[in-house]
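Below is one structure, written out as structure tokens; comments come after it.
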Amino acid sequence: MNITQEPIIQGNITDLEYNASNYSNTFKFTLEIEKRTLHVYDSNKEQRTSFKSLVSNVCPNLTSHFKSTNNINIDKIIVYTEPINKDIDIIDIRAYDTNIEEYTSYEINELYSLYVANKEIGVF
């Protein structure tokens, strides 16, 4: 048996500042340190404040926070958004490149398995 584990940080992102408004939604995250990838899970309880709609505006603060507090660089943010209809088992996944500051593609092997477990991958 061969068991390996990669270093990760997990937690919550709350109280995002966006256009002078404070969004108090809580988003779960997993940061894969070696892959320099931040995975953000959005349960999509409030569609107007989904993380995928905020990512381009909060990206600079997120990346600078991890850089200053843990000396960790983030190259990609992958956002996993649940559908509004909870009876549908499809999750919307978007990848955001922090270097060029725009959405980009992702590879299946880049996804965080616990966020896509038992879900079909779709785009809405």
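Ordering of the structure tokens sets the chain letters (A, B, ...), residue numbers begin anew at 1 in every chain, and ligands are numbered from 1 in the order given.
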Please provide the set of residues having any atom within 6 Å of Val40 in chain A, restricted to only C-alpha atoms, with same-chain residues fewer than 6 positions apart removed, written as a short mmCIF file (atom, residue, chain, number, x, y, z; two decimals) with all heavy atoms, in the first residue's frame.
```cif
data_model
loop_
_atom_site.label_atom_id
_atom_site.label_comp_id
_atom_site.auth_asym_id
_atom_site.auth_seq_id
_atom_site.Cartn_x
_atom_site.Cartn_y
_atom_site.Cartn_z
N LYS A 28 -16.58 27.82 1.41
CA LYS A 28 -15.55 26.89 1.86
C LYS A 28 -14.41 26.90 0.83
O LYS A 28 -14.65 27.06 -0.35
CB LYS A 28 -16.11 25.48 1.97
CG LYS A 28 -17.18 25.35 3.04
CD LYS A 28 -17.53 23.91 3.27
CE LYS A 28 -18.58 23.75 4.32
NZ LYS A 28 -18.33 24.39 5.57
N PHE A 29 -13.17 26.75 1.33
CA PHE A 29 -12.06 26.69 0.39
C PHE A 29 -11.08 25.60 0.78
O PHE A 29 -10.99 25.20 1.94
CB PHE A 29 -11.34 28.04 0.29
CG PHE A 29 -10.41 28.34 1.43
CD1 PHE A 29 -9.11 27.87 1.45
CD2 PHE A 29 -10.83 29.11 2.50
CE1 PHE A 29 -8.23 28.14 2.50
CE2 PHE A 29 -9.99 29.40 3.56
CZ PHE A 29 -8.69 28.91 3.56
N VAL A 79 -13.60 27.59 -9.05
CA VAL A 79 -14.86 27.82 -8.32
C VAL A 79 -15.86 26.73 -8.68
O VAL A 79 -16.12 26.48 -9.86
CB VAL A 79 -15.44 29.21 -8.68
CG1 VAL A 79 -16.70 29.48 -7.89
CG2 VAL A 79 -14.41 30.31 -8.45
#
```
- Picked from chain A by DSSP as helix (DSSP H, G or I), as number ranges by chain: A: 47-49, 51-70, 108-110, 113-116
Keeping only N, CA and C atoms, take the residues you just selected and write them out as a PDB file, in the first residue's frame.
```
ATOM      1  N   GLN A  47     -27.855  33.493  -5.259  1.00  0.00           N
ATOM      2  CA  GLN A  47     -27.335  33.516  -6.619  1.00  0.00           C
ATOM      3  C   GLN A  47     -26.688  34.855  -6.977  1.00  0.00           C
ATOM      4  N   ARG A  48     -27.238  35.970  -6.497  1.00  0.00           N
ATOM      5  CA  ARG A  48     -26.692  37.280  -6.866  1.00  0.00           C
ATOM      6  C   ARG A  48     -25.307  37.517  -6.281  1.00  0.00           C
ATOM      7  N   THR A  49     -24.952  36.763  -5.264  1.00  0.00           N
ATOM      8  CA  THR A  49     -23.621  36.921  -4.672  1.00  0.00           C
ATOM      9  C   THR A  49     -22.806  35.641  -4.811  1.00  0.00           C
ATOM     10  N   PHE A  51     -19.845  33.210  -5.817  1.00  0.00           N
ATOM     11  CA  PHE A  51     -18.416  33.496  -5.821  1.00  0.00           C
ATOM     12  C   PHE A  51     -17.890  33.700  -7.229  1.00  0.00           C
ATOM     13  N   LYS A  52     -18.445  32.973  -8.206  1.00  0.00           N
ATOM     14  CA  LYS A  52     -17.947  33.124  -9.579  1.00  0.00           C
ATOM     15  C   LYS A  52     -18.205  34.526 -10.116  1.00  0.00           C
ATOM     16  N   SER A  53     -19.237  35.219  -9.603  1.00  0.00           N
ATOM     17  CA  SER A  53     -19.474  36.597 -10.043  1.00  0.00           C
ATOM     18  C   SER A  53     -18.594  37.602  -9.309  1.00  0.00           C
ATOM     19  N   LEU A  54     -18.002  37.185  -8.189  1.00  0.00           N
ATOM     20  CA  LEU A  54     -17.158  38.078  -7.392  1.00  0.00           C
ATOM     21  C   LEU A  54     -15.664  37.849  -7.601  1.00  0.00           C
ATOM     22  N   VAL A  55     -15.285  36.723  -8.169  1.00  0.00           N
ATOM     23  CA  VAL A  55     -13.886  36.294  -8.166  1.00  0.00           C
ATOM     24  C   VAL A  55     -12.932  37.320  -8.786  1.00  0.00           C
ATOM     25  N   SER A  56     -13.305  37.936  -9.877  1.00  0.00           N
ATOM     26  CA  SER A  56     -12.372  38.880 -10.500  1.00  0.00           C
ATOM     27  C   SER A  56     -12.126  40.105  -9.629  1.00  0.00           C
ATOM     28  N   ASN A  57     -13.094  40.463  -8.806  1.00  0.00           N
ATOM     29  CA  ASN A  57     -12.935  41.625  -7.940  1.00  0.00           C
ATOM     30  C   ASN A  57     -12.241  41.307  -6.617  1.00  0.00           C
ATOM     31  N   VAL A  58     -12.410  40.097  -6.110  1.00  0.00           N
ATOM     32  CA  VAL A  58     -11.797  39.750  -4.828  1.00  0.00           C
ATOM     33  C   VAL A  58     -10.466  39.025  -4.985  1.00  0.00           C
ATOM     34  N   CYS A  59     -10.130  38.638  -6.202  1.00  0.00           N
ATOM     35  CA  CYS A  59      -8.888  37.905  -6.461  1.00  0.00           C
ATOM     36  C   CYS A  59      -7.645  38.606  -5.918  1.00  0.00           C
ATOM     37  N   PRO A  60      -7.442  39.901  -6.170  1.00  0.00           N
ATOM     38  CA  PRO A  60      -6.230  40.545  -5.651  1.00  0.00           C
ATOM     39  C   PRO A  60      -6.108  40.470  -4.125  1.00  0.00           C
ATOM     40  N   ASN A  61      -7.212  40.638  -3.423  1.00  0.00           N
ATOM     41  CA  ASN A  61      -7.173  40.552  -1.957  1.00  0.00           C
ATOM     42  C   ASN A  61      -6.898  39.136  -1.474  1.00  0.00           C
ATOM     43  N   LEU A  62      -7.498  38.145  -2.133  1.00  0.00           N
ATOM     44  CA  LEU A  62      -7.255  36.754  -1.745  1.00  0.00           C
ATOM     45  C   LEU A  62      -5.802  36.363  -1.959  1.00  0.00           C
ATOM     46  N   THR A  63      -5.285  36.659  -3.142  1.00  0.00           N
ATOM     47  CA  THR A  63      -3.910  36.262  -3.434  1.00  0.00           C
ATOM     48  C   THR A  63      -2.915  36.997  -2.535  1.00  0.00           C
ATOM     49  N   SER A  64      -3.151  38.268  -2.271  1.00  0.00           N
ATOM     50  CA  SER A  64      -2.222  38.992  -1.396  1.00  0.00           C
ATOM     51  C   SER A  64      -2.326  38.506   0.048  1.00  0.00           C
ATOM     52  N   HIS A  65      -3.512  38.095   0.477  1.00  0.00           N
ATOM     53  CA  HIS A  65      -3.670  37.563   1.834  1.00  0.00           C
ATOM     54  C   HIS A  65      -2.818  36.308   2.029  1.00  0.00           C
ATOM     55  N   PHE A  66      -2.952  35.337   1.113  1.00  0.00           N
ATOM     56  CA  PHE A  66      -2.182  34.101   1.252  1.00  0.00           C
ATOM     57  C   PHE A  66      -0.688  34.349   1.067  1.00  0.00           C
ATOM     58  N   LYS A  67      -0.318  35.288   0.220  1.00  0.00           N
ATOM     59  CA  LYS A  67       1.092  35.619   0.016  1.00  0.00           C
ATOM     60  C   LYS A  67       1.689  36.243   1.283  1.00  0.00           C
ATOM     61  N   SER A  68       0.946  37.177   1.900  1.00  0.00           N
ATOM     62  CA  SER A  68       1.490  37.883   3.062  1.00  0.00           C
ATOM     63  C   SER A  68       1.432  37.057   4.343  1.00  0.00           C
ATOM     64  N   THR A  69       0.389  36.238   4.519  1.00  0.00           N
ATOM     65  CA  THR A  69       0.267  35.491   5.769  1.00  0.00           C
ATOM     66  C   THR A  69       0.982  34.151   5.752  1.00  0.00           C
ATOM     67  N   ASN A  70       1.062  33.498   4.598  1.00  0.00           N
ATOM     68  CA  ASN A  70       1.657  32.161   4.531  1.00  0.00           C
ATOM     69  C   ASN A  70       2.753  32.032   3.491  1.00  0.00           C
ATOM     70  N   ILE A 108      -9.315  18.029 -15.868  1.00  0.00           N
ATOM     71  CA  ILE A 108     -10.055  17.215 -14.901  1.00  0.00           C
ATOM     72  C   ILE A 108      -9.183  16.860 -13.696  1.00  0.00           C
ATOM     73  N   ASN A 109      -7.896  16.587 -13.922  1.00  0.00           N
ATOM     74  CA  ASN A 109      -7.010  16.210 -12.814  1.00  0.00           C
ATOM     75  C   ASN A 109      -6.673  17.381 -11.888  1.00  0.00           C
ATOM     76  N   GLU A 110      -7.053  18.608 -12.247  1.00  0.00           N
ATOM     77  CA  GLU A 110      -6.836  19.769 -11.384  1.00  0.00           C
ATOM     78  C   GLU A 110      -7.951  19.938 -10.355  1.00  0.00           C
ATOM     79  N   SER A 113     -11.349  16.590  -5.679  1.00  0.00           N
ATOM     80  CA  SER A 113     -12.291  15.477  -5.786  1.00  0.00           C
ATOM     81  C   SER A 113     -13.459  15.560  -4.809  1.00  0.00           C
ATOM     82  N   LEU A 114     -13.250  16.073  -3.607  1.00  0.00           N
ATOM     83  CA  LEU A 114     -14.352  16.135  -2.649  1.00  0.00           C
ATOM     84  C   LEU A 114     -15.426  17.142  -3.052  1.00  0.00           C
ATOM     85  N   TYR A 115     -15.081  18.128  -3.863  1.00  0.00           N
ATOM     86  CA  TYR A 115     -16.072  19.107  -4.307  1.00  0.00           C
ATOM     87  C   TYR A 115     -16.880  18.620  -5.502  1.00  0.00           C
ATOM     88  N   VAL A 116     -16.387  17.621  -6.200  1.00  0.00           N
ATOM     89  CA  VAL A 116     -17.111  17.101  -7.367  1.00  0.00           C
ATOM     90  C   VAL A 116     -17.636  15.687  -7.149  1.00  0.00           C
TER      91      VAL A 116
END
```
- Item | Counting only C-alpha atoms, the option among A:Glu34, A:Asp15, A:Asp97, A:Asp42 closest to Ile84 in chain A | A:Asp42
- Hey, what's within 8 Å of Tyr96 in chain A if we count only C-alpha atoms and toss same-chain stuff fewer than 2 positions away? As a count of residues only, please? 12
- Which of chain A fall in strand (DSSP E or B), as a VMD selection string: chain A and resid 8 to 13 16 to 18 21 to 23 27 to 32 37 to 42 76 to 81 90 to 97 102 to 104 120 to 122
- Task: Could you give me, as a PyMOL selection string, the residues within 8 Å of Lys119 in chain A, counting only C-alpha atoms and dropping anything in the same chain fewer than 4 positions from it?
- Result: chain A and resi 89-91
Keeping only C-alpha atoms, write the selected residues to a file as a PDB file, in the first residue's frame.
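As written to disk, again-v3.pdb reads:
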```pdb
ATOM      1  CA  ASP A  89     -26.590  16.726  -9.483  1.00  0.00           C
ATOM      2  CA  ILE A  90     -24.631  18.977 -11.831  1.00  0.00           C
ATOM      3  CA  ILE A  91     -21.975  21.350 -10.535  1.00  0.00           C
TER       4      ILE A  91
END
```
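Note that the spacing between CA of Glu32 in chain A and CA of Ile88 in chain A amounts to 27.9 Å.
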